[in-house]
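Colleague: I'm passing along model_2.cif; it holds mmCIF, C-alpha atoms.
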```
data_run
loop_
_atom_site.label_atom_id
_atom_site.label_comp_id
_atom_site.auth_asym_id
_atom_site.auth_seq_id
_atom_site.Cartn_x
_atom_site.Cartn_y
_atom_site.Cartn_z
CA MET A 1 113.84 94.33 86.81
CA VAL A 2 112.22 92.74 83.78
CA CYS A 3 114.71 92.75 80.89
CA LYS A 4 113.54 93.01 77.24
CA LYS A 5 115.41 90.79 74.83
CA ALA A 6 116.34 91.91 71.36
CA CYS A 7 116.71 89.19 68.72
CA ILE A 8 119.65 90.84 67.02
CA ILE A 9 121.50 91.27 70.31
CA THR A 10 120.83 87.65 71.22
CA ILE A 11 122.20 86.36 67.90
CA LEU A 12 125.33 88.49 68.24
CA ILE A 13 125.85 87.33 71.81
CA MET A 14 125.44 83.65 70.85
CA PHE A 15 128.01 84.18 68.09
CA GLN A 16 130.38 85.75 70.63
CA LEU A 17 130.08 82.72 72.93
CA VAL A 18 130.92 80.34 70.09
CA ALA A 19 133.81 82.52 68.98
CA CYS A 20 135.17 82.61 72.53
CA GLY A 21 135.27 78.84 72.74
CA ARG A 22 132.37 77.95 75.05
CA SER A 23 131.90 74.19 74.95
CA ASP A 24 130.30 71.31 76.82
CA GLU A 25 133.75 70.16 77.84
CA SER A 26 134.66 73.44 79.58
CA ALA A 27 131.27 73.56 81.26
CA SER A 28 131.58 70.05 82.66
CA ASP A 29 134.86 71.00 84.31
CA LEU A 30 132.84 72.98 86.87
CA ASN A 31 131.75 69.77 88.56
CA GLU A 32 135.05 67.88 88.73
CA GLU A 33 136.69 66.70 91.95
CA SER A 34 136.57 69.30 94.70
CA LEU A 35 139.35 71.55 95.96
CA LYS A 36 140.23 70.73 99.58
CA VAL A 37 140.22 73.67 102.00
CA ALA A 38 142.44 73.39 105.10
CA SER A 39 139.96 75.11 107.43
CA ASP A 40 136.41 74.79 108.73
CA PHE A 41 133.56 76.66 107.05
CA SER A 42 133.32 80.10 108.70
CA PHE A 43 130.32 82.33 107.98
CA ASN A 44 128.04 85.09 109.23
CA LEU A 45 124.43 84.83 108.05
CA MET A 46 122.36 88.01 108.21
CA THR A 47 118.60 88.22 107.63
CA SER A 48 116.17 91.14 107.56
CA ASP A 49 114.01 91.64 110.64
CA ILE A 50 110.70 92.59 109.03
CA THR A 51 108.63 91.60 112.08
CA PRO A 52 108.22 95.20 113.42
CA TRP A 53 106.81 96.26 110.06
CA VAL A 54 104.40 93.34 109.84
CA LYS A 55 103.15 93.78 113.41
CA GLY A 56 102.72 97.55 113.07
CA GLN A 57 105.46 98.41 115.55
CA ARG A 58 107.08 100.37 112.71
CA SER A 59 105.28 102.31 109.99
CA GLY A 60 105.59 105.18 107.57
CA PRO A 61 107.95 106.10 104.72
CA MET A 62 111.46 104.79 104.12
CA GLY A 63 114.34 106.96 105.30
CA LYS A 64 118.14 106.77 105.16
CA GLU A 65 118.61 104.63 108.25
CA GLN A 66 120.91 101.63 108.68
CA GLY A 67 119.70 98.16 109.48
CA LYS A 68 121.87 95.56 111.17
CA GLN A 69 122.99 94.15 107.82
CA ALA A 70 124.09 97.65 106.80
CA VAL A 71 126.05 98.08 110.04
CA PHE A 72 127.79 94.73 109.46
CA LEU A 73 128.70 95.65 105.89
CA GLU A 74 129.89 99.12 106.88
CA ASN A 75 132.17 97.66 109.55
CA LEU A 76 133.44 95.02 107.14
CA ILE A 77 134.34 97.62 104.50
CA SER A 78 135.62 100.32 106.84
CA SER A 79 137.86 98.06 108.91
CA SER A 80 139.45 96.21 105.99
CA ARG A 81 142.77 97.20 104.50
CA SER A 82 142.50 94.58 101.79
CA GLU A 83 141.94 95.39 98.15
CA MET A 84 138.18 95.36 97.55
CA MET A 85 136.20 94.30 94.50
CA VAL A 86 132.52 95.23 94.61
CA GLY A 87 129.64 94.18 92.37
CA LEU A 88 126.42 96.15 92.99
CA TYR A 89 123.10 96.63 91.25
CA GLY A 90 123.36 100.18 92.60
CA VAL A 91 123.15 102.48 95.64
CA GLN A 92 120.03 104.24 96.94
CA ALA A 93 119.51 106.30 100.11
CA GLN A 94 122.48 104.80 101.99
CA PRO A 95 124.89 107.72 102.56
CA TRP A 96 127.06 105.70 104.96
CA PHE A 97 128.14 103.53 102.02
CA PHE A 98 130.00 106.37 100.29
CA SER A 99 132.14 107.22 103.30
CA ALA A 100 132.81 103.54 104.04
CA ILE A 101 133.92 102.69 100.53
CA GLY A 102 135.59 106.01 99.69
CA MET A 103 139.22 106.07 98.71
CA LYS A 104 141.25 106.01 101.90
CA GLU A 105 144.93 105.68 102.56
CA GLY A 106 145.98 102.08 102.08
CA LYS A 107 142.67 101.04 100.50
CA ASN A 108 142.09 100.08 96.87
CA VAL A 109 138.43 99.80 95.85
CA ARG A 110 137.03 98.89 92.44
CA VAL A 111 133.33 98.60 91.61
CA VAL A 112 131.05 97.34 88.83
CA VAL A 113 127.46 98.60 88.71
CA ASP A 114 124.33 98.41 86.58
CA GLN A 115 123.57 101.29 84.21
CA GLN A 116 120.16 101.66 82.56
CA GLN A 117 120.83 104.33 79.92
CA GLY A 118 123.31 107.03 78.88
CA THR A 119 126.92 106.51 77.87
CA LEU A 120 130.25 105.70 79.50
CA ASN A 121 131.25 108.17 82.25
CA ASP A 122 127.80 109.77 82.09
CA TRP A 123 127.36 109.79 85.88
CA ILE A 124 123.94 111.41 86.30
CA PRO A 125 121.11 110.00 88.48
CA GLU A 126 118.70 109.52 85.57
CA ASN A 127 120.95 106.85 84.05
CA PHE A 128 120.59 104.45 86.99
CA ASN A 129 117.71 102.54 88.51
CA TYR A 130 119.19 103.49 91.88
CA PRO A 131 120.02 107.19 91.24
CA ASP A 132 122.63 107.51 94.01
CA THR A 133 124.82 105.16 91.97
CA ALA A 134 125.83 108.25 90.00
CA GLU A 135 127.51 109.67 93.11
CA LEU A 136 129.59 106.52 93.40
CA GLY A 137 130.94 107.09 89.91
CA GLN A 138 131.54 110.76 90.59
CA GLN A 139 133.43 109.93 93.78
CA LEU A 140 135.60 107.08 92.55
CA GLY A 141 135.94 107.97 88.86
CA GLY A 142 137.66 105.25 86.85
CA GLN A 143 137.42 102.86 89.78
CA VAL A 144 133.75 102.32 88.88
CA ILE A 145 132.74 100.52 85.68
CA PRO A 146 129.12 100.19 84.44
CA ASP A 147 127.81 97.13 82.60
CA LEU A 148 127.92 98.64 79.14
CA ASN A 149 128.16 96.83 75.82
CA PRO A 150 131.61 96.64 74.17
CA SER A 151 130.47 99.60 72.06
CA GLY A 152 129.96 101.67 75.21
CA THR A 153 126.16 101.70 75.02
CA PRO A 154 123.81 100.51 77.83
CA ARG A 155 122.73 96.88 77.87
CA SER A 156 119.02 96.56 77.05
CA ALA A 157 118.87 92.78 77.40
CA SER A 158 120.43 92.32 80.85
CA ILE A 159 121.27 93.89 84.21
CA MET A 160 124.31 93.68 86.46
CA HIS A 161 122.32 92.26 89.38
CA ASN A 162 125.11 91.07 91.70
CA LYS A 163 125.41 92.21 95.30
CA PHE A 164 128.88 91.19 96.48
CA VAL A 165 131.96 92.57 98.21
CA VAL A 166 135.23 90.70 97.85
CA LEU A 167 138.02 91.27 100.35
CA LYS A 168 141.11 90.09 98.48
CA ASN A 169 142.55 86.89 99.98
CA LYS A 170 140.09 87.08 102.88
CA GLY A 171 136.44 86.48 102.07
CA VAL A 172 133.18 87.38 100.33
CA TRP A 173 129.94 89.10 101.34
CA THR A 174 126.98 88.32 99.07
CA GLY A 175 123.26 87.54 98.95
CA SER A 176 119.97 89.12 97.89
CA THR A 177 120.36 92.40 99.79
CA ASN A 178 120.72 95.59 97.73
CA VAL A 179 122.43 98.72 99.08
CA SER A 180 119.07 100.51 99.24
CA ALA A 181 116.61 102.00 101.72
CA THR A 182 114.26 99.02 101.61
CA CYS A 183 116.96 96.32 101.75
CA LEU A 184 120.01 97.29 103.83
CA GLY A 185 118.47 100.43 105.31
CA SER A 186 115.06 99.86 106.87
CA GLU A 187 115.11 96.07 106.32
CA TYR A 188 111.63 96.48 104.85
CA ASN A 189 112.25 93.66 102.36
CA ALA A 190 112.89 90.08 103.44
CA ASN A 191 116.52 89.32 102.51
CA ALA A 192 119.43 87.08 103.37
CA SER A 193 123.11 87.93 103.05
CA ILE A 194 126.18 85.98 104.08
CA TYR A 195 129.85 86.70 104.72
CA ILE A 196 132.16 83.74 104.18
CA ALA A 197 135.72 84.12 105.42
CA ASN A 198 137.77 82.08 102.97
CA PRO A 199 140.62 83.12 100.62
CA GLU A 200 139.85 80.39 98.06
CA LEU A 201 136.28 81.68 97.66
CA ALA A 202 137.62 85.25 97.40
CA LYS A 203 139.84 84.16 94.48
CA ILE A 204 136.85 82.67 92.67
CA TYR A 205 134.90 85.93 92.96
CA GLU A 206 137.99 87.95 92.07
CA ALA A 207 138.26 86.08 88.76
CA GLU A 208 134.60 86.83 88.01
CA PHE A 209 135.04 90.48 88.95
CA LYS A 210 138.08 90.85 86.68
CA GLN A 211 136.09 89.60 83.68
CA MET A 212 133.69 92.48 84.21
CA PHE A 213 136.01 95.25 85.40
CA GLU A 214 139.24 94.60 83.49
CA GLU A 215 138.04 92.75 80.38
CA LYS A 216 134.71 94.63 80.15
CA ARG A 217 132.88 91.32 79.75
CA PHE A 218 129.29 91.31 81.00
CA SER A 219 126.32 89.02 80.52
CA ARG A 220 126.82 86.47 77.72
CA TYR A 221 130.18 87.94 76.78
CA LYS A 222 131.72 86.40 79.91
CA LEU A 223 133.69 83.17 79.61
CA PRO A 224 133.17 80.02 81.69
CA ALA A 225 135.98 79.05 84.05
CA VAL A 226 137.46 75.72 85.04
CA ARG A 227 136.43 75.70 88.68
CA LYS A 228 136.23 73.01 91.34
CA PRO A 229 133.79 72.94 94.28
CA LEU A 230 135.34 73.75 97.65
CA THR A 231 135.34 71.07 100.37
CA PHE A 232 136.19 72.39 103.82
CA ARG A 233 137.90 70.56 106.66
CA ASP A 234 134.57 70.08 108.48
CA GLY A 235 133.00 68.43 105.42
CA THR A 236 131.14 71.49 104.13
CA LYS A 237 130.86 71.57 100.36
CA LEU A 238 130.45 74.89 98.55
CA GLU A 239 129.83 75.49 94.85
CA VAL A 240 129.74 78.87 93.09
CA PHE A 241 127.79 79.55 89.89
CA PHE A 242 127.88 82.82 87.98
CA SER A 243 125.23 83.83 85.45
CA PRO A 244 125.05 83.36 82.62
CA GLN A 245 128.23 81.45 81.78
CA ASP A 246 127.84 78.72 84.45
CA GLU A 247 124.20 77.92 83.54
CA PRO A 248 123.16 77.95 87.24
CA VAL A 249 119.62 76.69 86.71
CA HIS A 250 120.75 73.49 85.04
CA ARG A 251 123.97 72.97 87.01
CA ALA A 252 122.81 74.15 90.43
CA ILE A 253 119.11 74.80 90.99
CA LEU A 254 117.55 71.82 89.21
CA PRO A 255 119.96 69.27 90.77
CA PHE A 256 119.36 70.92 94.15
CA ILE A 257 115.59 70.53 93.87
CA GLU A 258 115.82 67.03 92.43
CA SER A 259 118.06 65.93 95.33
CA ALA A 260 115.46 66.89 97.98
CA LYS A 261 114.05 63.80 99.67
CA VAL A 262 112.13 65.09 102.69
CA SER A 263 111.68 68.87 102.64
CA LEU A 264 112.19 71.91 100.44
CA ASP A 265 111.68 75.50 101.68
CA ILE A 266 111.87 78.30 99.10
CA GLY A 267 111.77 82.08 99.61
CA MET A 268 111.70 83.76 96.21
CA PHE A 269 111.07 87.20 94.75
CA VAL A 270 110.43 86.07 91.14
CA LEU A 271 109.76 82.44 90.20
CA THR A 272 108.94 82.01 86.50
CA HIS A 273 111.47 79.53 85.07
CA SER A 274 109.35 76.70 83.63
CA GLU A 275 111.89 73.93 84.28
CA ILE A 276 112.29 74.98 87.90
CA ILE A 277 108.51 75.10 88.34
CA ASP A 278 108.23 71.60 86.86
CA ALA A 279 110.98 70.33 89.18
CA ILE A 280 109.25 71.81 92.25
CA ARG A 281 105.96 70.27 91.18
CA ALA A 282 107.68 66.89 90.68
CA ALA A 283 109.26 67.11 94.13
CA ALA A 284 105.86 67.64 95.76
CA ILE A 285 104.34 64.77 93.79
CA ARG A 286 107.08 62.38 94.89
CA GLY A 287 106.35 63.20 98.53
CA VAL A 288 108.73 66.02 99.41
CA LYS A 289 107.17 68.57 101.79
CA VAL A 290 107.51 71.77 99.76
CA ARG A 291 106.84 75.22 101.20
CA ILE A 292 107.17 78.47 99.26
CA ILE A 293 106.91 82.08 100.42
CA GLY A 294 106.22 84.23 97.37
CA ASP A 295 106.13 87.95 96.66
CA ALA A 296 102.70 89.56 96.23
CA LEU A 297 103.54 91.45 93.06
CA PHE A 298 104.72 88.49 90.99
CA SER A 299 102.46 85.89 92.60
CA ASN A 300 99.32 87.82 91.65
CA ARG A 301 100.14 88.04 87.94
CA GLU A 302 98.21 85.91 85.47
CA THR A 303 101.38 84.04 84.54
CA SER A 304 102.04 83.09 88.17
CA PRO A 305 102.68 79.36 88.82
CA VAL A 306 100.98 79.52 92.25
CA ASP A 307 97.79 77.66 91.28
CA SER A 308 99.54 74.84 89.42
CA LEU A 309 102.01 74.35 92.27
CA LYS A 310 99.20 74.24 94.82
CA GLU A 311 97.43 71.59 92.74
CA ALA A 312 100.61 69.48 92.97
CA GLY A 313 100.59 69.74 96.78
CA VAL A 314 102.97 72.63 97.32
CA ASP A 315 102.15 74.70 100.42
CA ILE A 316 102.38 78.38 99.42
CA ARG A 317 101.99 81.58 101.38
CA ILE A 318 102.14 85.00 99.72
CA GLU A 319 103.49 87.94 101.72
CA ASN A 320 101.12 90.73 102.73
CA TRP A 321 103.69 93.18 104.10
CA GLY A 322 104.62 96.40 102.28
CA GLY A 323 108.16 95.26 101.47
CA LYS A 324 109.16 92.49 99.11
CA MET A 325 109.85 88.82 99.63
CA HIS A 326 113.20 89.66 98.04
CA MET A 327 115.14 86.51 98.89
CA LYS A 328 116.54 84.14 96.30
CA SER A 329 117.10 81.26 98.68
CA ALA A 330 116.13 77.68 99.43
CA VAL A 331 116.90 74.90 101.93
CA ALA A 332 116.67 71.19 101.09
CA ASP A 333 116.31 68.45 103.71
CA GLY A 334 117.50 70.79 106.45
CA LYS A 335 121.12 70.57 105.36
CA ARG A 336 121.71 72.15 101.93
CA THR A 337 121.23 75.84 101.12
CA VAL A 338 120.99 78.00 98.02
CA ILE A 339 121.72 81.70 98.55
CA GLY A 340 122.64 84.50 96.17
CA SER A 341 121.39 87.26 93.87
CA MET A 342 119.59 85.28 91.14
CA ASN A 343 115.82 85.16 90.83
CA TRP A 344 114.64 81.84 89.41
CA THR A 345 113.88 83.22 85.96
CA ASN A 346 115.13 82.85 82.39
CA SER A 347 116.81 86.25 82.52
CA GLY A 348 118.46 85.36 85.83
CA GLU A 349 120.12 82.38 84.23
CA LEU A 350 120.67 83.48 80.63
CA ASP A 351 121.18 87.25 80.62
CA ASN A 352 121.91 88.95 83.94
CA ASP A 353 125.21 89.04 85.81
CA GLU A 354 124.40 87.06 88.97
CA ASN A 355 126.00 84.81 91.57
CA THR A 356 124.52 81.72 93.22
CA LEU A 357 126.00 79.64 96.04
CA VAL A 358 125.04 76.05 96.87
CA ILE A 359 126.29 75.17 100.34
CA ASP A 360 126.06 71.79 102.06
CA ASN A 361 126.36 72.80 105.72
CA LYS A 362 123.79 71.87 108.36
CA LYS A 363 124.51 74.80 110.69
CA LEU A 364 123.80 77.29 107.89
CA ALA A 365 120.69 75.36 106.82
CA VAL A 366 119.34 75.39 110.38
CA GLN A 367 119.75 79.17 110.60
CA MET A 368 118.11 79.68 107.22
CA THR A 369 115.23 77.39 108.18
CA LYS A 370 114.68 79.27 111.42
CA TYR A 371 114.33 82.52 109.48
CA PHE A 372 112.00 80.90 106.96
CA ASN A 373 109.85 79.53 109.79
CA ASN A 374 109.61 83.01 111.35
CA LEU A 375 108.38 84.46 108.05
CA TRP A 376 106.03 81.51 107.55
CA ALA A 377 104.47 82.11 110.97
CA LEU A 378 103.91 85.80 110.17
CA LEU A 379 101.75 84.66 107.26
CA LYS A 380 99.73 81.99 109.10
CA ASN A 381 96.44 83.86 108.63
CA VAL A 382 97.02 84.81 105.00
CA GLU A 383 94.89 82.85 102.55
CA GLY A 384 95.26 82.80 98.77
CA ARG A 385 96.63 85.74 96.80
CA THR A 386 94.56 88.47 98.37
CA ALA A 387 97.12 91.19 99.07
CA ALA A 388 98.02 93.37 96.10
CA ALA A 389 101.57 94.73 96.36
CA GLU A 390 100.29 98.26 96.98
CA SER A 391 96.89 98.19 98.68
CA LEU A 392 95.13 98.51 102.01
CA SER A 393 95.56 94.75 102.46
CA SER A 394 99.35 95.03 102.19
CA ILE A 395 100.71 96.27 105.51
CA ASN A 396 102.19 99.81 105.38
CA SER A 397 102.33 99.79 101.55
CA CYS A 398 99.99 102.79 101.25
CA ILE A 399 102.11 105.07 103.45
CA ASP A 400 105.69 103.95 102.71
CA GLY A 401 106.43 106.46 99.95
CA ILE A 402 107.27 103.67 97.48
CA ASP A 403 105.73 102.58 94.19
CA ASN A 404 105.45 98.95 95.29
CA ASP A 405 103.82 97.64 92.11
CA TYR A 406 105.91 99.68 89.64
CA ASP A 407 102.88 101.26 87.95
CA GLY A 408 103.99 104.88 88.35
CA LEU A 409 101.57 105.57 91.23
CA THR A 410 102.53 105.88 94.89
CA ASP A 411 100.47 105.53 98.06
CA ALA A 412 97.39 107.81 97.94
CA GLU A 413 97.59 107.94 94.14
CA GLU A 414 96.72 104.23 94.01
CA ALA A 415 93.03 103.38 93.72
CA SER A 416 93.67 100.29 95.86
CA CYS A 417 94.94 102.54 98.67
CA LYS A 418 91.71 104.52 98.91
CA ARG A 419 89.00 103.47 101.34
#
```
Give the structure from this file in structure tokens form.
Modeller:
Amino acid sequence: MVCKKACIITILIMFQLVACGRSDESASDLNEESLKVASDFSFNLMTSDITPWVKGQRSGPMGKEQGKQAVFLENLISSSRSEMMVGLYGVQAQPWFFSAIGMKEGKNVRVVVDQQQGTLNDWIPENFNYPDTAELGQQLGGQVIPDLNPSGTPRSASIMHNKFVVLKNKGVWTGSTNVSATCLGSEYNANASIYIANPELAKIYEAEFKQMFEEKRFSRYKLPAVRKPLTFRDGTKLEVFFSPQDEPVHRAILPFIESAKVSLDIGMFVLTHSEIIDAIRAAAIRGVKVRIIGDALFSNRETSPVDSLKEAGVDIRIENWGGKMHMKSAVADGKRTVIGSMNWTNSGELDNDENTLVIDNKKLAVQMTKYFNNLWALLKNVEGRTAAAESLSSINSCIDGIDNDYDGLTDAEEASCKR
């Protein structure tokens, strides 16, 4: 998921933003007085149960099964008669998804997906990181749009990384969970997804979706919107930030971290953004109890911030299970939550199509903290960065049929998987 940036593309994109009228004034409108919602905050939080994998109660390769998050999403899609707008990185080994989202009487479904190579309407598996995405295009035809450049060529500098389903005038499902074997299927990766039943939130996501689907605007070609935070009847405050136009690191993540006074729990797949790392370090130095659960692959790289964060007093545990710490979530002071699709990276903020929610609701924060604590406890005996992503020290990673470290070798082919 590492995106290469091309200087020429970047210059052209920056010119496009200026030409389209992006300004400090329009950006500041995002934080104006909130929009009052005449109902309480209603949500369903779903998290991956990786415990059976970690404890050895489950083992072996990934199949095409459905986890509880998949069942929830299938029921949500299948039972709805609302118009649906779907943003997905792709589809992999989840056959139920095609029947659930297929064109049925009374149902209108439109989808945007990520495409790695090829051209428009070139629906073959090789063009997608998740090859089954091609079947989605074959099935729904013009109802599926890939994140191509205006010229119709694949985007080399960004990915359409959203995972959301919008039920028109009803609500939004989103989070870090991909429609894949390791995420929704086996729940091999640690993830969090949330369904929020609220028509105002659905309208916000609908406007973002239309930029991509109808106007063919992706990545830095998208325009910022004048948008107010939502304040619910029970006092819950919710803010939505889309990448890259809403600058979520500077408008959401950094203020979130800087506001923490007592505690900050972070579960993150990729953490490389230097300003975020500095803000986390500063929080620990000022006395905030900071805990981070990191992913083995990215935490073991030479550029990892793990050592510098530990020196500042951050308590860090690195997963040693075969799946990923795939969340992009945090909880501050037991009452505010960040959840969404964006890794805390430069590309997550500046290039990719992403969505990030900041929610001030204690009930949600308590549920998120409980899940974090369960994962934290699973790693109580893990010291340092000892578990390579695919190795005998990473539970089940040598027999799961997956190239966990993206080096082109799987299971027995890996030297680190041989005794």
Colleague: Once you count all atoms listed in the file, which residues end up no further than 9 Å from (124.5, 87.6, 86.5) in the file's frame, shown as a list in words?
Modeller: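 The residues near that point, listed by chain and number, are Ser158, Ile159, Met160, His161, Asn162, Phe218, Ser219, Phe242, Ser243, Pro244, Gln245, Ser341, Met342, Ser347, Gly348, Glu349, Leu350, Asp351, Asn352, Asp353, Glu354, Asn355 and Thr356 of chain A.
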Colleague: For A:Leu76, list every protein, DNA or RNA residue within 10 Å, evaluated using all atoms listed in the file, and leave out those in the same chain fewer than 3 positions away; present the list as a ChimeraX atom specification.
Modeller: /A:70-73,79-81,100,165,167,173,195
Colleague: With distances taken over all atoms listed in the file, which of A:Val306, A:Ile293, A:Ala388, A:Leu409 is nearest to A:Asn374?
Modeller: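 Of the candidates, the smallest distance to A:Asn374 is held by A:Ile293.
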Colleague: Grab the atom CA of A:Gly322 to atom CA of A:Pro95 distance for me, in Å with one decimal place.
Modeller: 23.2 Å
Colleague: Running the PyMOL selection byres ((chain A and resi 164) around 8) on this model by hand, what would come out? Give it as a ChimeraX atom specification.
Modeller: /A:86-88,162-163,165-166,172-175
Colleague: Evaluate the PyMOL selection byres ((chain A and resi 114-123) around 8) and record the selected residues as a ChimeraX atom specification, following the chain and residue labels used in the document.
Modeller: /A:88-90,112-113,124-129,134-135,137-138,146-148,152-156,159-161
Colleague: Please complete stretch 237-263 of chain A so it has N, CA and C atoms, and hand it over as a PDB file, in the frame of the given file.
Modeller:
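That gives us rebuild.pdb:
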```
ATOM      1  N   LYS A 237     130.594  71.445 101.786  1.00  0.00           N
ATOM      2  CA  LYS A 237     130.860  71.570 100.360  1.00  0.00           C
ATOM      3  C   LYS A 237     130.201  72.830  99.838  1.00  0.00           C
ATOM      4  N   LEU A 238     130.946  73.622  99.070  1.00  0.00           N
ATOM      5  CA  LEU A 238     130.450  74.890  98.550  1.00  0.00           C
ATOM      6  C   LEU A 238     130.728  74.965  97.053  1.00  0.00           C
ATOM      7  N   GLU A 239     129.679  75.300  96.282  1.00  0.00           N
ATOM      8  CA  GLU A 239     129.830  75.490  94.850  1.00  0.00           C
ATOM      9  C   GLU A 239     129.360  76.894  94.470  1.00  0.00           C
ATOM     10  N   VAL A 240     130.061  77.514  93.539  1.00  0.00           N
ATOM     11  CA  VAL A 240     129.740  78.870  93.090  1.00  0.00           C
ATOM     12  C   VAL A 240     129.355  78.813  91.605  1.00  0.00           C
ATOM     13  N   PHE A 241     128.261  79.487  91.281  1.00  0.00           N
ATOM     14  CA  PHE A 241     127.790  79.550  89.890  1.00  0.00           C
ATOM     15  C   PHE A 241     127.500  81.000  89.532  1.00  0.00           C
ATOM     16  N   PHE A 242     128.113  81.471  88.461  1.00  0.00           N
ATOM     17  CA  PHE A 242     127.880  82.820  87.980  1.00  0.00           C
ATOM     18  C   PHE A 242     127.004  82.775  86.731  1.00  0.00           C
ATOM     19  N   SER A 243     126.071  83.714  86.653  1.00  0.00           N
ATOM     20  CA  SER A 243     125.230  83.830  85.450  1.00  0.00           C
ATOM     21  C   SER A 243     125.904  84.808  84.490  1.00  0.00           C
ATOM     22  N   PRO A 244     125.720  84.536  83.176  1.00  0.00           N
ATOM     23  CA  PRO A 244     125.050  83.360  82.620  1.00  0.00           C
ATOM     24  C   PRO A 244     125.974  82.202  82.274  1.00  0.00           C
ATOM     25  N   GLN A 245     127.289  82.400  82.364  1.00  0.00           N
ATOM     26  CA  GLN A 245     128.230  81.450  81.780  1.00  0.00           C
ATOM     27  C   GLN A 245     128.220  80.081  82.458  1.00  0.00           C
ATOM     28  N   ASP A 246     127.826  80.003  83.736  1.00  0.00           N
ATOM     29  CA  ASP A 246     127.840  78.720  84.450  1.00  0.00           C
ATOM     30  C   ASP A 246     126.507  77.983  84.383  1.00  0.00           C
ATOM     31  N   GLU A 247     125.522  78.555  83.691  1.00  0.00           N
ATOM     32  CA  GLU A 247     124.200  77.920  83.540  1.00  0.00           C
ATOM     33  C   GLU A 247     123.678  77.427  84.897  1.00  0.00           C
ATOM     34  N   PRO A 248     123.483  78.343  85.864  1.00  0.00           N
ATOM     35  CA  PRO A 248     123.160  77.950  87.240  1.00  0.00           C
ATOM     36  C   PRO A 248     121.856  77.188  87.410  1.00  0.00           C
ATOM     37  N   VAL A 249     120.868  77.436  86.558  1.00  0.00           N
ATOM     38  CA  VAL A 249     119.620  76.690  86.710  1.00  0.00           C
ATOM     39  C   VAL A 249     119.862  75.210  86.465  1.00  0.00           C
ATOM     40  N   HIS A 250     120.567  74.896  85.405  1.00  0.00           N
ATOM     41  CA  HIS A 250     120.750  73.490  85.040  1.00  0.00           C
ATOM     42  C   HIS A 250     121.875  72.815  85.830  1.00  0.00           C
ATOM     43  N   ARG A 251     122.866  73.591  86.277  1.00  0.00           N
ATOM     44  CA  ARG A 251     123.970  72.970  87.010  1.00  0.00           C
ATOM     45  C   ARG A 251     123.807  73.065  88.528  1.00  0.00           C
ATOM     46  N   ALA A 252     122.937  73.958  88.979  1.00  0.00           N
ATOM     47  CA  ALA A 252     122.810  74.150  90.430  1.00  0.00           C
ATOM     48  C   ALA A 252     121.386  73.968  90.928  1.00  0.00           C
ATOM     49  N   ILE A 253     120.454  74.769  90.422  1.00  0.00           N
ATOM     50  CA  ILE A 253     119.110  74.800  90.990  1.00  0.00           C
ATOM     51  C   ILE A 253     118.335  73.515  90.741  1.00  0.00           C
ATOM     52  N   LEU A 254     118.302  73.046  89.499  1.00  0.00           N
ATOM     53  CA  LEU A 254     117.550  71.820  89.210  1.00  0.00           C
ATOM     54  C   LEU A 254     118.115  70.609  89.963  1.00  0.00           C
ATOM     55  N   PRO A 255     119.441  70.382  89.959  1.00  0.00           N
ATOM     56  CA  PRO A 255     119.960  69.270  90.770  1.00  0.00           C
ATOM     57  C   PRO A 255     119.659  69.429  92.249  1.00  0.00           C
ATOM     58  N   PHE A 256     119.676  70.655  92.748  1.00  0.00           N
ATOM     59  CA  PHE A 256     119.360  70.920  94.150  1.00  0.00           C
ATOM     60  C   PHE A 256     117.940  70.487  94.475  1.00  0.00           C
ATOM     61  N   ILE A 257     116.994  70.893  93.641  1.00  0.00           N
ATOM     62  CA  ILE A 257     115.590  70.530  93.870  1.00  0.00           C
ATOM     63  C   ILE A 257     115.386  69.028  93.720  1.00  0.00           C
ATOM     64  N   GLU A 258     115.991  68.453  92.700  1.00  0.00           N
ATOM     65  CA  GLU A 258     115.820  67.030  92.430  1.00  0.00           C
ATOM     66  C   GLU A 258     116.445  66.160  93.518  1.00  0.00           C
ATOM     67  N   SER A 259     117.413  66.708  94.258  1.00  0.00           N
ATOM     68  CA  SER A 259     118.060  65.930  95.330  1.00  0.00           C
ATOM     69  C   SER A 259     117.244  65.908  96.617  1.00  0.00           C
ATOM     70  N   ALA A 260     116.249  66.811  96.742  1.00  0.00           N
ATOM     71  CA  ALA A 260     115.460  66.890  97.980  1.00  0.00           C
ATOM     72  C   ALA A 260     114.661  65.605  98.170  1.00  0.00           C
ATOM     73  N   LYS A 261     114.751  65.042  99.357  1.00  0.00           N
ATOM     74  CA  LYS A 261     114.050  63.800  99.670  1.00  0.00           C
ATOM     75  C   LYS A 261     112.933  63.973 100.689  1.00  0.00           C
ATOM     76  N   VAL A 262     113.094  64.930 101.601  1.00  0.00           N
ATOM     77  CA  VAL A 262     112.130  65.090 102.690  1.00  0.00           C
ATOM     78  C   VAL A 262     111.452  66.455 102.651  1.00  0.00           C
ATOM     79  N   SER A 263     112.247  67.533 102.549  1.00  0.00           N
ATOM     80  CA  SER A 263     111.680  68.870 102.640  1.00  0.00           C
ATOM     81  C   SER A 263     112.381  69.836 101.698  1.00  0.00           C
TER      82      SER A 263
END
```
